[in-house]
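Colleague: Handing you a structure now.
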Amino acid sequence: MIKTDVVIIGAGPTGLFCAHQLGIIGLKCEIVDNLDKIGGQCIELYPDKPIYDIPAVPKCTGEELTNNLIEQIKPFNFNFHLSDRVQELKNENNKWLVKTLNGKEFETTNIVIAGGVGSFEPRKFPTKSAEKYDGKSVLYSIKDKTIFKDKSVAIFGGGDSALDWAIELSNSSKVTLIHRRDEFRGAPASVQKIKELSDNKTINLITKYSIKDVKGNGSLESVEIKSETGDIKVIKADYVLGFFGLIMQLGPIAEWGLNLDKKTIPVNTENFETNKKGIFAIGDICTYPGKLKLILSGFHEGALAARGCFKYARPDEKYRFEFTTASSTIKDRLGVKE
Amino acid sequence: MAKIKYIEFNGKEHEIEVPNGMTVMEGAVHGNIPGIDADCGGGMSCATCHVYINDDEWFKKLPEKEMGEDDMLDQAYEPKSNSRLSCQLIVSDDLDGLTVHMPEKQV
């Protein structure tokens with residue numbers, strides 16, 4: 001059990017800056033994120049795309065913004081719990097007991113939900129029949145590639161994951177790569193390699209087809225694919241792999257008794273607290289009159305939520321507003337030597 | 001201003017006037033029309049505002065896809081050759097009378 005002042009759900013820009021503000025006012029926090037890296041949408045969806053509306057930063061990419069925020073909170077040595085998801089919340093004696101998917105437990109006075117549009121999950125095949133084999137022979141990520149040795153593998157997708165795995169597995173498996181159009185979005189070198197492997201018959205490349213059904217009797221035997229004009233092919237497959245990127249799902253957050261408005265959480269604009277005492281929501285996931293889904297709004301919301309957390313984390317202390325330029329206490333916290 | 005018709009997968013029709021400059025996606029979201037999620041808020045980063053343009057004449061009339069739209073559509077639910085991301089369709093008088101069909105879901 002880790003005892004802390006605040007558990008932040010989501011390591012995107014809003015969660016990171018809220019952590020900074022908590023550090024500045026002397027609170028501790030632990031940060032949990034479902035992704036295997038820090039940065040949220042900035043790092044997962046647009047690491048290379050320039051952002052033009054961060055105050056005083058005329059232009060930076062999602063990755064640069066993330067790296068700068070990580071640098072900014074370094075002095076506080078906060079812990080990150082990546083590839084994990086907060087699953088359960090329970091209130092006991094005005095403390096929140098938090099459990100994660102990987103079995104970590106926290107005791108905290110505050111929770112800040114900075115969850116964007118939810119946690120990133122792999123996009124799955126639309127076919128119902130694929131669910132039956134999910135995690136066994138229908139896979140959306142690969143942990144152990146040795147299971148595919150000498151097997152027939154049907155890979156769907158046109159991005160780097162699909163291409164890289166098709167190339168990699170073609171060494172030891174019978175690979176069929178299926179994509180809905182002739183163009184691939186993967187790296188040009190990989191696309192070139194795939195074309196070579198297809199020309200010399202190492203892999204079976206089928207374009208302008210998508211999945212229709214998976215068939216099997218106990219274990220998976222084949223996958224049925226269809227073209228837009230209705231042509232159907234059946235491909236022998238021991239494994240079916242889908243690489244369609246990630247989608248954001250609200251997930252367990254929907255089950256914590258918070259008021260929800262579509263996929264967002266209503267908050268007050270004084271400290272961004274939700275209908276539950278000690279649970280705050282900031283960034284894209286919160287809503288209030290006039291809400292803008294801008295990173296800068298998330299920063300503001302995080303700063304105010306941090307002060308809101310202080311009240312519950314230090315009930316016997318009075319929060320005192322200080323400037324970073326002038327406060328020696330803050331400079332100590334930042335480890336600044338003068 | 002353009003009159004846009006949104007047809008849900010179950011056939012339910014919604015016809016609304018969308019001001020010029022808004023996107024077809026925003027028209028649906030602001031008009032509380034179900035079937036378009038737009039998780040990323042219009043950044044061409046999520047493929048959850050996917051629609052079909054079933055009328056071929058209309059499909060050809062729309063501004064061409066920019067780089068990246070087809071890459072995102074690869075990840076959409078049941079993309080077809082008449083698929084578009086509605087966040088990339090900016091409303092003008094020229095779009096008056098456009099009909100978009102929603103996919104079964106936005107995943």
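By order in the structure tokens, chains are A, B, ...; within a chain, residues start at 1; ligands start at 1, following the order shown.
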Counting only C-alpha atoms, which residues of chain A come no farther than 10 Å from chain B, as number ranges by chain?

Modeller: A: 41, 44-46, 116-118, 122-126, 157-159, 179-181, 183-186, 208, 210-211, 227-228, 243-249, 262-263, 284, 293

Colleague: Please determine, counting only C-alpha atoms, which residue among B:Gly11, B:Gly97, B:Pro19, B:Pro103 has the shortest atom-to-atom distance to Lys61 in chain B.

Modeller: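 For Lys61 in chain B, the nearest of the given residues is B:Gly97.
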
Colleague: So that I can check the secondary structure, give me every residue of chain B assigned helix (DSSP H, G or I) by backbone DSSP, as a list in words.

Modeller: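 So, restricting chain B to helix (DSSP H, G or I), we get Val24, Met25, Glu26, Gly27, Ala28, Val29, His30, Asp56, Glu57, Trp58, Phe59, Lys60, Lys61, Glu69, Asp70, Asp71, Met72, Leu73, Ser86, Cys87, Gln88, Asp93, Asp94 and Leu95 of chain B.
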
Colleague: Okay, now the selection with C-alpha atoms, as a PDB file, in the first residue's frame?

Modeller:
```
ATOM      1  CA  VAL B  24     -19.727  18.291 -40.574  1.00  0.00           C
ATOM      2  CA  MET B  25     -18.460  16.577 -37.401  1.00  0.00           C
ATOM      3  CA  GLU B  26     -19.029  19.702 -35.285  1.00  0.00           C
ATOM      4  CA  GLY B  27     -22.512  20.077 -36.741  1.00  0.00           C
ATOM      5  CA  ALA B  28     -23.394  16.630 -35.396  1.00  0.00           C
ATOM      6  CA  VAL B  29     -21.705  17.059 -32.015  1.00  0.00           C
ATOM      7  CA  HIS B  30     -23.247  20.501 -31.361  1.00  0.00           C
ATOM      8  CA  ASP B  56     -21.240   9.209 -55.715  1.00  0.00           C
ATOM      9  CA  GLU B  57     -21.848  12.689 -57.174  1.00  0.00           C
ATOM     10  CA  TRP B  58     -21.535  14.202 -53.716  1.00  0.00           C
ATOM     11  CA  PHE B  59     -18.441  12.145 -52.905  1.00  0.00           C
ATOM     12  CA  LYS B  60     -16.695  13.556 -55.991  1.00  0.00           C
ATOM     13  CA  LYS B  61     -17.857  17.080 -55.211  1.00  0.00           C
ATOM     14  CA  GLU B  69      -7.053  11.119 -43.792  1.00  0.00           C
ATOM     15  CA  ASP B  70      -6.856   7.724 -45.511  1.00  0.00           C
ATOM     16  CA  ASP B  71      -4.247   6.597 -42.980  1.00  0.00           C
ATOM     17  CA  MET B  72      -6.697   7.371 -40.190  1.00  0.00           C
ATOM     18  CA  LEU B  73      -9.569   5.745 -42.090  1.00  0.00           C
ATOM     19  CA  SER B  86     -16.445  14.287 -41.004  1.00  0.00           C
ATOM     20  CA  CYS B  87     -13.982  16.506 -39.109  1.00  0.00           C
ATOM     21  CA  GLN B  88     -12.277  17.172 -42.430  1.00  0.00           C
ATOM     22  CA  ASP B  93     -22.893  26.915 -49.065  1.00  0.00           C
ATOM     23  CA  ASP B  94     -21.519  24.345 -51.520  1.00  0.00           C
ATOM     24  CA  LEU B  95     -22.332  21.543 -49.081  1.00  0.00           C
TER      25      LEU B  95
END
```

Colleague: Write down as an MDAnalysis selection string the residues belonging to range 59-158 of chain A that are assigned strand (DSSP E or B) by DSSP computed on the backbone.

Modeller: chainID A and resid 60:61 79:81 86:92 95:100 105:113 119:122 134 138:139 152:156

Colleague: Compile the contact shell of Thr99 in chain B as a PyMOL selection string: residues with an atom at most 10 Å away, counting only C-alpha atoms, same-chain residues fewer than 3 positions apart removed.

Modeller: chain B and resi 3-7+13-15+51-55+58-59+95-96

Colleague: Report, in Å with one decimal, the straight-line distance from CA of Ala237 in chain A to CA of Asp182 in chain A.

Modeller: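 Going from CA of Ala237 in chain A over to CA of Asp182 in chain A covers 22.1 Å.
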
Colleague: Quick one: distance from CA of Leu16 in chain A to CA of Leu69 in chain A in Å, one decimal?

Modeller: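 If I compute the distance from CA of Leu16 in chain A to CA of Leu69 in chain A, I get 6.4 Å.
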
Colleague: Just checking: using only C-alpha atoms, which residue out of A:Glu273, A:Asp332, A:Glu63, A:Asp33 ends up closest to Lys311 in chain A?

Modeller: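 So, comparing all the options, the nearest one is A:Glu273.
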
Colleague: When you draw a straight line from CA of Ile282 in chain A to CA of Asn34 in chain A, how long is it in Å?

Modeller: 17.1 Å
